[in-house]
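K.L.:
Structure: my_file.txt, compact mmCIF, C-alpha atoms and all ligand atoms.
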```txt
# COMPACT_ATOMS: atom_id res chain seq x y z
CA MET A 1 17.91 -2.18 -237.67
CA GLU A 2 21.23 -1.59 -235.93
CA GLN A 3 24.45 -2.52 -237.64
CA GLU A 4 26.83 -4.93 -235.93
CA ALA A 5 29.00 -2.67 -233.82
CA ASP A 6 31.73 -5.27 -233.42
CA SER A 7 32.36 -6.22 -237.04
CA THR A 8 35.73 -5.67 -238.67
CA VAL A 9 36.37 -2.22 -240.13
CA LEU A 10 38.25 -1.71 -243.41
CA ILE A 11 40.41 1.42 -243.32
CA THR A 12 41.75 2.50 -246.70
CA GLY A 13 44.91 4.59 -246.38
CA GLY A 14 45.22 3.35 -242.81
CA ALA A 15 49.00 3.84 -242.73
CA GLY A 16 48.77 7.55 -243.50
CA PHE A 17 48.73 10.50 -241.10
CA LEU A 18 44.99 10.54 -240.36
CA GLY A 19 44.49 6.86 -241.18
CA SER A 20 47.09 5.59 -238.72
CA HIS A 21 45.60 7.60 -235.85
CA ALA A 22 42.09 6.41 -236.75
CA THR A 23 43.31 2.80 -236.95
CA LEU A 24 44.76 3.10 -233.45
CA VAL A 25 41.60 4.67 -232.00
CA LEU A 26 39.41 1.90 -233.47
CA LEU A 27 41.74 -0.89 -232.27
CA GLU A 28 41.69 0.63 -228.78
CA ALA A 29 37.88 0.74 -229.01
CA GLY A 30 37.94 -3.03 -229.50
CA ARG A 31 37.36 -3.15 -233.26
CA SER A 32 39.43 -5.40 -235.51
CA VAL A 33 40.79 -3.52 -238.50
CA VAL A 34 41.87 -4.39 -242.02
CA VAL A 35 44.09 -1.72 -243.57
CA LEU A 36 44.42 -1.40 -247.34
CA ASP A 37 47.32 0.88 -248.20
CA ASP A 38 49.67 1.08 -251.19
CA PHE A 39 52.32 2.85 -249.09
CA SER A 40 52.81 5.45 -251.84
CA ASN A 41 52.66 8.22 -249.23
CA SER A 42 53.08 6.22 -246.01
CA ARG A 43 55.23 3.46 -244.48
CA PRO A 44 54.53 0.03 -243.01
CA GLU A 45 56.49 1.18 -239.94
CA ALA A 46 53.53 3.38 -239.01
CA LEU A 47 51.34 0.28 -238.69
CA ARG A 48 53.99 -1.62 -236.74
CA ARG A 49 53.93 1.21 -234.23
CA VAL A 50 50.10 1.41 -234.23
CA ALA A 51 49.94 -2.31 -233.40
CA ALA A 52 52.47 -1.88 -230.59
CA LEU A 53 50.55 1.09 -229.15
CA ALA A 54 47.37 -1.00 -229.29
CA GLY A 55 49.09 -3.84 -227.44
CA LEU A 56 49.02 -6.19 -230.43
CA ASP A 57 52.17 -8.23 -230.87
CA GLY A 58 53.30 -11.06 -233.09
CA TRP A 59 53.25 -10.03 -236.71
CA THR A 60 52.83 -12.90 -239.16
CA ALA A 61 53.02 -12.77 -242.95
CA THR A 62 49.79 -14.25 -244.30
CA ALA A 63 50.41 -13.77 -248.02
CA PRO A 64 52.70 -11.68 -250.26
CA GLY A 65 52.15 -8.07 -249.14
CA GLN A 66 49.77 -9.13 -246.35
CA TRP A 67 50.40 -9.30 -242.62
CA ARG A 68 48.44 -9.82 -239.39
CA ALA A 69 49.13 -8.65 -235.85
CA GLY A 70 47.29 -9.92 -232.81
CA PRO A 71 45.67 -13.14 -231.60
CA SER A 72 43.78 -15.51 -233.87
CA THR A 73 40.63 -14.61 -231.97
CA GLY A 74 39.94 -11.15 -230.59
CA VAL A 75 41.06 -7.74 -231.82
CA SER A 76 43.54 -7.95 -234.70
CA LEU A 77 45.14 -5.70 -237.29
CA GLN A 78 45.44 -7.09 -240.79
CA VAL A 79 47.32 -5.25 -243.50
CA VAL A 80 46.88 -5.64 -247.26
CA THR A 81 49.28 -3.83 -249.56
CA GLY A 82 47.16 -2.50 -252.38
CA ASP A 83 45.49 0.29 -254.29
CA VAL A 84 41.80 1.16 -253.97
CA ARG A 85 41.69 1.57 -257.73
CA ARG A 86 42.48 -2.11 -258.27
CA VAL A 87 39.53 -4.49 -257.96
CA GLY A 88 41.86 -7.37 -257.08
CA ASP A 89 43.38 -5.44 -254.18
CA LEU A 90 39.95 -4.48 -252.88
CA GLU A 91 38.85 -8.13 -253.11
CA ALA A 92 41.95 -9.16 -251.16
CA ALA A 93 41.03 -6.67 -248.43
CA PHE A 94 37.40 -7.82 -248.24
CA ALA A 95 38.60 -11.43 -248.12
CA GLN A 96 40.44 -10.88 -244.81
CA ALA A 97 37.28 -10.80 -242.67
CA PRO A 98 33.56 -9.97 -242.89
CA ILE A 99 33.76 -6.17 -243.32
CA GLY A 100 30.95 -4.30 -241.58
CA ALA A 101 32.09 -0.74 -242.27
CA VAL A 102 34.72 1.27 -244.13
CA LEU A 103 36.70 4.39 -243.23
CA HIS A 104 37.99 5.77 -246.54
CA PHE A 105 41.16 7.87 -246.23
CA ALA A 106 43.12 6.64 -249.27
CA GLY A 107 43.68 9.50 -251.67
CA LEU A 108 45.92 12.37 -252.76
CA LYS A 109 45.71 15.57 -250.72
CA ALA A 110 48.17 18.24 -251.85
CA VAL A 111 46.42 21.30 -253.23
CA ALA A 112 49.33 22.64 -255.31
CA GLU A 113 50.06 19.18 -256.72
CA SER A 114 46.40 18.80 -257.69
CA VAL A 115 46.67 21.97 -259.78
CA ARG A 116 49.64 20.46 -261.65
CA GLN A 117 48.12 16.96 -261.96
CA PRO A 118 44.31 17.23 -262.02
CA LEU A 119 43.71 14.02 -263.97
CA ARG A 120 45.77 11.99 -261.49
CA TYR A 121 43.77 13.49 -258.60
CA TRP A 122 40.46 12.62 -260.29
CA GLN A 123 41.74 9.13 -261.11
CA VAL A 124 42.87 8.36 -257.57
CA ASN A 125 40.39 10.27 -255.43
CA VAL A 126 37.24 9.81 -257.50
CA GLY A 127 38.15 6.65 -259.43
CA GLY A 128 39.35 4.97 -256.26
CA SER A 129 36.18 5.90 -254.39
CA LEU A 130 34.06 4.53 -257.23
CA ARG A 131 35.90 1.19 -257.17
CA LEU A 132 35.52 1.09 -253.39
CA LEU A 133 31.75 1.67 -253.59
CA GLU A 134 31.43 -1.11 -256.16
CA ALA A 135 33.36 -3.50 -253.90
CA MET A 136 31.29 -2.50 -250.86
CA THR A 137 28.08 -3.12 -252.81
CA ALA A 138 29.33 -6.50 -253.99
CA HIS A 139 30.11 -7.48 -250.40
CA GLY A 140 26.89 -6.13 -248.89
CA CYS A 141 28.73 -3.46 -246.89
CA ARG A 142 26.90 -0.12 -246.85
CA THR A 143 28.44 1.76 -243.92
CA LEU A 144 31.06 4.34 -244.91
CA VAL A 145 32.88 7.26 -243.27
CA PHE A 146 34.48 9.40 -245.96
CA SER A 147 37.53 11.61 -245.44
CA SER A 148 36.28 14.84 -247.00
CA SER A 149 37.75 18.33 -246.68
CA ALA A 150 36.85 21.94 -245.94
CA THR A 151 38.83 22.72 -249.07
CA LEU A 152 35.60 22.15 -251.01
CA TYR A 153 34.21 25.40 -249.55
CA GLY A 154 36.76 27.38 -251.58
CA LEU A 155 36.95 31.09 -250.69
CA CYS A 156 34.05 31.32 -248.27
CA GLU A 157 33.02 34.81 -247.12
CA GLN A 158 30.90 33.51 -244.26
CA VAL A 159 33.01 32.65 -241.19
CA PRO A 160 32.67 30.39 -239.25
CA ILE A 161 31.82 28.06 -242.10
CA SER A 162 28.81 25.78 -241.67
CA GLU A 163 27.89 22.69 -243.72
CA SER A 164 25.26 24.77 -245.52
CA ALA A 165 27.92 27.06 -247.01
CA PRO A 166 28.22 26.83 -250.79
CA VAL A 167 30.39 24.00 -252.13
CA GLN A 168 32.62 25.98 -254.50
CA PRO A 169 36.07 24.39 -254.74
CA ILE A 170 38.84 26.46 -256.35
CA ASN A 171 41.34 23.66 -256.96
CA PRO A 172 41.18 20.12 -258.33
CA TYR A 173 41.80 18.60 -254.89
CA GLY A 174 38.71 20.32 -253.51
CA SER A 175 36.78 19.43 -256.68
CA THR A 176 37.53 15.73 -256.18
CA LYS A 177 36.28 15.84 -252.61
CA ALA A 178 33.08 17.55 -253.73
CA ALA A 179 32.69 14.99 -256.53
CA VAL A 180 33.06 12.03 -254.19
CA GLU A 181 30.45 13.52 -251.86
CA ARG A 182 28.08 13.77 -254.85
CA LEU A 183 28.89 10.17 -255.81
CA LEU A 184 28.11 9.02 -252.26
CA ALA A 185 24.87 11.01 -252.16
CA ASP A 186 23.73 9.39 -255.42
CA ALA A 187 24.62 5.92 -254.15
CA ALA A 188 22.74 6.56 -250.90
CA ALA A 189 19.69 7.80 -252.83
CA SER A 190 19.70 4.86 -255.24
CA GLU A 191 19.52 1.98 -252.79
CA PRO A 192 18.17 1.71 -249.24
CA GLY A 193 20.52 0.79 -246.45
CA TRP A 194 23.46 3.12 -247.01
CA ARG A 195 24.88 4.66 -243.86
CA ILE A 196 27.31 7.40 -244.93
CA ALA A 197 29.12 10.23 -243.12
CA CYS A 198 31.19 12.76 -245.07
CA LEU A 199 33.56 14.41 -242.58
CA ARG A 200 34.92 17.74 -243.79
CA TYR A 201 38.24 18.34 -242.04
CA PHE A 202 39.66 21.77 -241.46
CA ASN A 203 43.40 21.74 -240.67
CA PRO A 204 44.57 18.46 -239.09
CA VAL A 205 47.79 18.87 -237.06
CA GLY A 206 49.73 17.36 -234.15
CA ALA A 207 50.46 13.71 -233.39
CA HIS A 208 49.68 10.91 -230.95
CA PRO A 209 50.98 12.03 -227.50
CA SER A 210 53.33 9.03 -227.36
CA GLY A 211 55.45 10.57 -230.12
CA ARG A 212 55.46 7.18 -231.88
CA ILE A 213 53.15 8.08 -234.78
CA GLY A 214 52.64 11.37 -236.54
CA GLU A 215 52.67 13.28 -239.81
CA ASP A 216 55.42 12.12 -242.17
CA PRO A 217 54.96 13.95 -245.47
CA SER A 218 57.09 12.62 -248.32
CA GLY A 219 59.28 15.35 -249.78
CA LEU A 220 58.80 19.01 -248.90
CA PRO A 221 55.64 19.45 -246.81
CA ASN A 222 52.78 21.45 -248.28
CA ASN A 223 51.12 22.45 -245.04
CA LEU A 224 52.13 24.98 -242.41
CA PHE A 225 52.34 22.70 -239.36
CA PRO A 226 54.85 20.15 -240.70
CA LEU A 227 56.87 23.00 -242.23
CA VAL A 228 57.08 24.78 -238.88
CA SER A 229 57.96 21.47 -237.25
CA GLN A 230 60.76 20.77 -239.73
CA VAL A 231 62.20 24.29 -239.26
CA ALA A 232 62.19 23.77 -235.48
CA VAL A 233 63.99 20.45 -235.74
CA GLY A 234 66.52 21.88 -238.21
CA ARG A 235 65.49 20.04 -241.36
CA LEU A 236 64.52 23.35 -243.03
CA PRO A 237 66.26 26.72 -242.56
CA GLN A 238 63.24 29.02 -242.24
CA LEU A 239 59.53 29.43 -242.83
CA GLN A 240 58.05 31.57 -245.58
CA VAL A 241 54.97 33.37 -244.25
CA TYR A 242 52.57 33.69 -247.17
CA GLY A 243 51.25 37.20 -246.75
CA CYS A 244 51.57 39.54 -243.77
CA ASP A 245 49.01 41.96 -245.16
CA TRP A 246 45.82 39.95 -244.68
CA PRO A 247 42.89 41.73 -242.96
CA THR A 248 43.63 39.98 -239.65
CA ALA A 249 44.98 41.18 -236.29
CA ASP A 250 48.62 40.38 -237.09
CA GLY A 251 48.27 40.37 -240.88
CA THR A 252 48.80 36.61 -241.31
CA GLY A 253 46.30 33.95 -242.36
CA ILE A 254 43.95 32.42 -239.80
CA ARG A 255 43.01 28.73 -239.84
CA ASP A 256 41.16 26.18 -237.72
CA TYR A 257 43.80 23.73 -236.51
CA ILE A 258 42.37 20.47 -235.14
CA HIS A 259 44.41 17.88 -233.26
CA VAL A 260 44.66 14.62 -235.22
CA MET A 261 43.54 12.67 -232.14
CA ASP A 262 40.37 14.78 -231.94
CA LEU A 263 39.84 14.05 -235.61
CA ALA A 264 40.36 10.30 -235.13
CA GLU A 265 37.94 10.28 -232.22
CA GLY A 266 35.46 12.14 -234.42
CA HIS A 267 35.65 9.25 -236.88
CA ARG A 268 34.97 6.73 -234.15
CA ALA A 269 31.97 8.77 -233.01
CA ALA A 270 30.65 9.07 -236.57
CA LEU A 271 31.00 5.30 -237.12
CA ALA A 272 29.21 4.59 -233.84
CA LEU A 273 26.33 6.87 -234.84
CA LEU A 274 25.99 5.26 -238.27
CA GLU A 275 25.95 1.77 -236.76
CA GLN A 276 23.46 2.70 -234.04
CA GLU A 277 20.96 4.69 -236.09
CA SER A 278 18.92 3.99 -239.18
CA PRO A 279 20.42 4.50 -242.65
CA GLN A 280 21.25 8.15 -243.35
CA PHE A 281 23.60 10.48 -245.22
CA LEU A 282 25.50 12.85 -242.94
CA THR A 283 27.78 15.77 -243.81
CA LEU A 284 29.71 17.24 -240.86
CA ASN A 285 32.53 19.74 -240.34
CA LEU A 286 35.33 18.49 -238.11
CA GLY A 287 37.14 21.52 -236.76
CA SER A 288 37.90 23.13 -233.42
CA GLY A 289 35.80 26.23 -234.06
CA ARG A 290 38.82 28.32 -233.03
CA GLY A 291 41.08 30.29 -235.38
CA HIS A 292 44.80 30.92 -235.01
CA SER A 293 47.09 32.98 -237.23
CA VAL A 294 50.32 31.75 -238.77
CA LEU A 295 52.36 33.79 -236.31
CA GLU A 296 50.32 32.53 -233.36
CA LEU A 297 51.10 28.99 -234.43
CA VAL A 298 54.79 29.82 -234.88
CA ARG A 299 54.94 31.28 -231.37
CA ALA A 300 53.06 28.32 -229.88
CA PHE A 301 55.44 25.89 -231.57
CA GLU A 302 58.50 27.81 -230.34
CA ALA A 303 57.11 27.67 -226.80
CA ALA A 304 56.36 23.93 -227.05
CA SER A 305 59.71 23.02 -228.60
CA GLY A 306 62.00 25.56 -226.99
CA ARG A 307 63.42 26.01 -230.49
CA PRO A 308 63.38 29.15 -232.67
CA VAL A 309 61.31 29.08 -235.85
CA PRO A 310 62.90 31.72 -238.08
CA TRP A 311 60.56 33.11 -240.72
CA GLN A 312 60.39 35.72 -243.41
CA ALA A 313 57.48 37.48 -245.06
CA ALA A 314 56.62 36.22 -248.54
CA PRO A 315 53.91 37.09 -251.06
CA ARG A 316 50.42 35.66 -250.60
CA ARG A 317 49.91 32.15 -251.99
CA PRO A 318 47.41 31.99 -254.90
CA GLY A 319 44.09 30.52 -253.78
CA ASP A 320 44.58 31.34 -250.11
CA SER A 321 41.91 33.05 -248.03
CA ALA A 322 42.41 35.30 -245.01
CA VAL A 323 40.31 33.29 -242.55
CA SER A 324 38.92 29.75 -242.47
CA ILE A 325 37.26 28.55 -239.25
CA ALA A 326 34.74 25.74 -238.81
CA ASP A 327 31.26 25.97 -237.41
CA ALA A 328 31.52 22.51 -235.83
CA SER A 329 28.27 22.74 -233.88
CA ALA A 330 26.52 20.11 -236.02
CA ALA A 331 29.19 17.50 -235.25
CA GLN A 332 29.09 18.45 -231.58
CA ARG A 333 25.33 17.99 -231.57
CA ARG A 334 25.02 14.86 -233.70
CA LEU A 335 28.14 13.03 -232.53
CA ASP A 336 28.33 14.31 -228.97
CA TRP A 337 31.93 15.07 -229.92
CA ARG A 338 34.07 18.17 -229.79
CA ALA A 339 37.71 19.00 -230.51
CA SER A 340 39.04 19.29 -226.97
CA ARG A 341 42.79 19.68 -227.50
CA SER A 342 44.31 23.19 -227.65
CA LEU A 343 46.80 24.63 -230.11
CA ASP A 344 49.46 24.28 -227.40
CA GLU A 345 48.67 20.56 -227.12
CA CYS A 346 48.86 20.26 -230.91
CA CYS A 347 52.33 21.81 -230.81
CA ARG A 348 53.45 19.80 -227.77
CA ASP A 349 52.45 16.51 -229.36
CA GLY A 350 53.66 17.49 -232.81
CA TRP A 351 57.06 18.39 -231.37
CA ALA A 352 57.27 15.13 -229.37
CA TRP A 353 56.81 13.24 -232.64
CA GLN A 354 59.19 15.41 -234.66
CA GLN A 355 61.93 15.44 -232.03
CA ALA A 356 61.82 11.66 -231.63
CA ASN A 357 61.61 11.13 -235.40
CA PRO A 358 63.56 13.94 -237.09
CA HIS A 359 63.22 12.09 -240.42
CA GLY A 360 59.79 10.64 -239.83
CA TYR A 361 59.45 6.87 -240.18
CA GLY A 362 62.50 6.83 -242.37
CA ASP A 363 64.85 6.98 -239.37
C1 LIG B 401 47.72 27.23 -243.48
C2 LIG B 401 48.11 28.70 -243.37
C3 LIG B 401 48.90 29.66 -245.41
C4 LIG B 401 52.56 27.26 -245.68
C5 LIG B 401 44.99 22.99 -246.46
C6 LIG B 401 44.56 22.28 -247.72
C7 LIG B 401 44.54 20.83 -247.52
C8 LIG B 401 43.83 20.45 -246.27
C9 LIG B 401 44.44 21.17 -245.11
C10 LIG B 401 43.00 18.21 -246.18
C11 LIG B 401 47.65 29.54 -244.54
C12 LIG B 401 50.01 29.64 -244.36
C13 LIG B 401 51.34 27.80 -245.27
C14 LIG B 401 53.73 28.07 -245.64
C15 LIG B 401 52.41 29.87 -244.77
N1 LIG B 401 43.98 19.08 -246.00
N2 LIG B 401 51.28 29.07 -244.83
N3 LIG B 401 53.60 29.34 -245.18
O1 LIG B 401 45.95 26.17 -247.04
O2 LIG B 401 44.55 26.15 -244.91
O3 LIG B 401 44.55 24.26 -246.46
O4 LIG B 401 44.35 22.49 -245.31
O5 LIG B 401 41.98 18.38 -246.68
O6 LIG B 401 45.87 20.37 -247.42
O7 LIG B 401 43.28 22.73 -248.04
O8 LIG B 401 46.60 24.77 -245.05
O9 LIG B 401 48.74 24.44 -243.92
O10 LIG B 401 48.74 24.99 -246.40
O11 LIG B 401 48.16 26.77 -244.75
O12 LIG B 401 52.35 31.04 -244.38
O13 LIG B 401 54.86 27.65 -246.01
O14 LIG B 401 49.54 28.80 -243.34
O15 LIG B 401 48.91 30.86 -246.15
O16 LIG B 401 47.27 30.81 -244.06
P1 LIG B 401 45.40 25.45 -245.87
P2 LIG B 401 48.14 25.18 -245.06
```
Rewrite the coordinates I just gave you, this time as structure tokens.

P.N.:
Amino acid sequence: MEQEADSTVLITGGAGFLGSHATLVLLEAGRSVVVLDDFSNSRPEALRRVAALAGLDGWTATAPGQWRAGPSTGVSLQVVTGDVRRVGDLEAAFAQAPIGAVLHFAGLKAVAESVRQPLRYWQVNVGGSLRLLEAMTAHGCRTLVFSSSATLYGLCEQVPISESAPVQPINPYGSTKAAVERLLADAAASEPGWRIACLRYFNPVGAHPSGRIGEDPSGLPNNLFPLVSQVAVGRLPQLQVYGCDWPTADGTGIRDYIHVMDLAEGHRAALALLEQESPQFLTLNLGSGRGHSVLELVRAFEAASGRPVPWQAAPRRPGDSAVSIADASAAQRRLDWRASRSLDECCRDGWAWQQANPHGYGD
């Protein structure tokens, strides 16, 4: 039996980097969205801009910490300030509209921080997912796209990495993603009707081409792309290149950078498949299938921005691998989707966002 492909979608963490781009893509696909976000690592401004990009105007406050943009009938964006770990906040989100499906982005995602605060990462990422599943069950909603991560592969010898590669996380962040996938698999096996896709991202980068929404990490960024971007715009003095002695062509680490818009479109494709097909449990890599070194990315960003990105060699970062590239053929086959945007487009769009918003949404 097909799922309703026009029901409202709940997006947890919908104000975040990936969540805001996915919210926009779903609104533009004609789906109404309810966002549940505690704004601990995001800003309401992101959703104001998403609504504007989607052509939704007229924000109204509907309750403390709750807003709605858009007409009373037709596509709308509703926002609930709340934490997926709190049953009351989840109930408030499910009360906004009949929820047919959930995209679950809410969670903590900094590898180094997870090493310092493992219990917090398990509490938020696993505890929050457990509460969400309980709320979905209570509301008869069994269609879920989960924001997983290639980090759960750990140090994988086999490159490109396919979904059949061993799940062997080497940090608490990756462990929580693996644990939630296990939780989802058990839920899917226990009761009929679950439609679940675990999407394992490689390295999400870039921004919406309008330059209105993008990555806005709080504090010092953890990942290469926002660091390079902040050096180019002058917020940081120089980039530390973690290891120039890797067994790669130029000695620097190689990663699979995927444009955030490709990633958001991958979520829409995964949701469409789940709603069109019979109940199933899917695990798919979302990557470009192409690898680029740190120095290749630096040069591409300098070309896109016209700004220098000064760097200096630094020791390897513990836990890093030389090469991580996705085998994304399963997603291409099952979703009829592929990452189409190049590294140059990632840098062009990332720079458009950074240049227009030197201090992110805080400007
Ligand atoms: C990329 C390359 C570094 C910073 C992350 C995490 C996780 C995941 C995204 C969601 C590596 C090098 C980095 C710097 C550098 N997100 N680097 N100087 O480590 O591939 O993995 O991917 O799941 O956040 O798993 O991403 O951007 O940190 O590093 O030289 O200051 O850049 O050594 O080769 P990573 P990254």

K.L.:
With all atoms listed in the file as the counted atoms, please give the residues lying no more than 8 Å from Ala135 (chain A), apart from itself and same-chain residues fewer than 6 positions off, as number ranges by chain.

P.N.:
A: 87, 90-91

K.L.:
Using only C-alpha atoms, determine which residues lie at most 10 Å from Glu215 (chain A), disregarding the query and same-chain residues fewer than 2 positions distant; provide the list as a PyMOL selection string.

P.N.:
chain A and resi 16-18+20-21+42+46+204-208+213+217-218+221+225-226+260+350+353-354+360-361

K.L.:
Excluding Val159 (chain A) and its own-chain neighbours fewer than 6 positions away, which residues fall within 12 Å of it when counting all atoms listed in the file? Please give them as a list in words.

P.N.:
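Here the answer would be Tyr153, Ala165, Ile254, Arg255, Asp256, Gly289, Arg290, Gly291, Ser321, Ala322, Val323, Ser324, Ile325, Ala326, Asp327 and Ala328 of chain A.
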
K.L.:
Nearest residue to ligand LIG 401 (chain B) out of A:Thr8, A:Ser114, A:Ser148, A:Thr73, using only C-alpha atoms and all ligand atoms?

P.N.:
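Ranked by minimum distance to ligand LIG 401 (chain B), first place goes to A:Ser148.
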
K.L.:
From the set A:Pro308, A:Gly362, A:Pro169, A:Pro71, which residue has the shortest atom-to-atom contact distance to ligand LIG 401 (chain B), counting all atoms listed in the file?

P.N.:
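For ligand LIG 401 (chain B), the nearest of the given residues is A:Pro169.
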
K.L.:
Between A:Gly154, A:Gly193, A:Pro279, A:Gly14, which residue has the minimum interatomic distance to ligand LIG 401 (chain B), considering all atoms listed in the file?

P.N.:
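Nearest candidate to ligand LIG 401 (chain B) out of A:Gly154, A:Gly193, A:Pro279, A:Gly14: A:Gly154.
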
K.L.:
Distance atom O16 of ligand LIG 401 (chain B)-CA of Leu224 (chain A), one decimal place?

P.N.:
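Pair atom O16 of ligand LIG 401 (chain B) / CA of Leu224 (chain A) returns 7.8 Å.
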
K.L.:
Excluding Arg212 (chain A) and any residue of its chain fewer than 6 positions from it, enumerate the residues within 9 Å of it, using only C-alpha atoms, and give them as a PyMOL selection string.

P.N.:
chain A and resi 46+49-50+53+352-353+356-357

K.L.:
With distances taken over only C-alpha atoms and all ligand atoms, which of A:Ser288, A:Gln312, A:Ser175, A:Gln240 is nearest to ligand LIG 401 (chain B)?

P.N.:
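Answer, going by the shortest atom-to-atom distance: A:Gln240.
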
K.L.:
Which is closer to Asp37 (chain A) than all the others in A:Phe105, A:Trp311, A:Tyr201, A:Phe146, using only C-alpha atoms?

P.N.:
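Once distances to Asp37 (chain A) are computed over only C-alpha atoms, the minimum belongs to A:Phe105.
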
K.L.:
Could you list, as a list in words, all the residues within 6 Å of ligand LIG 401 (chain B), counting all atoms listed in the file?

P.N.:
Lys109, Ala110, Val111, Ser149, Thr151, Tyr201, Asn203, Asn222, Asn223, Leu224, Leu239, Gln240, Val241, Tyr242, Gly253, Ile254, Arg255, Val294 and Asp320 of chain A

K.L.:
Can you measure CA of Ala22 (chain A) to CA of Glu191 (chain A) for me? One decimal in Å is fine.

P.N.:
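A separation of 28.0 Å between them.
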
K.L.:
Show me, as a list in words, the residues that have an atom within 7 Å of region 330-337 of chain A when counting only C-alpha atoms, minus same-chain residues fewer than 5 positions from it.

P.N.:
Gly266, Ala269, Ala270, Leu273, Leu284, Asn285 and Leu286 of chain A

K.L.:
Taking all atoms listed in the file into account, which of A:Thr252, A:Ser164, A:Ser7, A:Gln355 comes nearest Gly214 (chain A)?

P.N.:
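For Gly214 (chain A), the nearest of the candidates is A:Gln355.
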
K.L.:
What gap, in Å, lies between CA of Leu343 (chain A) and CA of Ser293 (chain A)?

P.N.:
11.0 Å

K.L.:
Around the point (51.0, 34.3, -253.0) (coordinates from the file), which residues reach within 7 Å if we count only C-alpha atoms? Answer as a PyMOL selection string.

P.N.:
chain A and resi 242-243+315-318

K.L.:
Write the residues of the preceding selection, restricted to C-alpha atoms, as a JSON list (two decimals), in the frame of the given file.

P.N.:
```json
[["chain", "number", "residue", "atom", "x", "y", "z"],
["A", 242, "TYR", "CA", 52.57, 33.69, -247.17],
["A", 243, "GLY", "CA", 51.25, 37.20, -246.75],
["A", 315, "PRO", "CA", 53.91, 37.09, -251.06],
["A", 316, "ARG", "CA", 50.42, 35.66, -250.60],
["A", 317, "ARG", "CA", 49.91, 32.15, -251.99],
["A", 318, "PRO", "CA", 47.41, 31.99, -254.90]]
```

K.L.:
Dump N, CA, C and O atoms of region 118-128 of chain A from the given block, as a CSV table (one decimal), in the first residue's frame.

P.N.:
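Saved result, result-v1.csv, follows:
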```csv
chain,number,residue,atom,x,y,z
A,118,PRO,N,31.3,11.8,25.5
A,118,PRO,CA,30.6,10.6,24.9
A,118,PRO,C,29.2,10.5,25.4
A,118,PRO,O,28.2,10.2,24.7
A,119,LEU,N,29.0,10.7,26.7
A,119,LEU,CA,27.7,10.4,27.3
A,119,LEU,C,26.6,11.4,26.7
A,119,LEU,O,25.5,11.0,26.4
A,120,ARG,N,27.1,12.7,26.6
A,120,ARG,CA,26.1,13.7,26.0
A,120,ARG,C,25.8,13.2,24.6
A,120,ARG,O,24.6,13.4,24.1
A,121,TYR,N,26.7,12.7,23.8
A,121,TYR,CA,26.4,12.3,22.4
A,121,TYR,C,25.5,11.1,22.4
A,121,TYR,O,24.5,11.1,21.6
A,122,TRP,N,25.7,10.2,23.3
A,122,TRP,CA,24.7,9.0,23.4
A,122,TRP,C,23.3,9.5,23.8
A,122,TRP,O,22.3,9.1,23.3
A,123,GLN,N,23.3,10.5,24.8
A,123,GLN,CA,22.0,11.0,25.3
A,123,GLN,C,21.2,11.6,24.2
A,123,GLN,O,20.1,11.4,23.9
A,124,VAL,N,21.9,12.5,23.4
A,124,VAL,CA,21.2,13.3,22.4
A,124,VAL,C,20.9,12.5,21.2
A,124,VAL,O,19.8,12.4,20.7
A,125,ASN,N,22.0,11.8,20.7
A,125,ASN,CA,21.8,11.2,19.4
A,125,ASN,C,21.0,9.9,19.5
A,125,ASN,O,20.2,9.6,18.6
A,126,VAL,N,21.3,9.1,20.5
A,126,VAL,CA,20.6,7.8,20.6
A,126,VAL,C,19.3,8.0,21.4
A,126,VAL,O,18.2,7.6,21.0
A,127,GLY,N,19.4,8.7,22.6
A,127,GLY,CA,18.3,9.0,23.4
A,127,GLY,C,17.2,9.7,22.6
A,127,GLY,O,16.0,9.4,22.7
A,128,GLY,N,17.6,10.7,21.9
A,128,GLY,CA,16.7,11.5,21.1
A,128,GLY,C,16.0,10.7,20.0
A,128,GLY,O,14.8,10.8,19.8
```
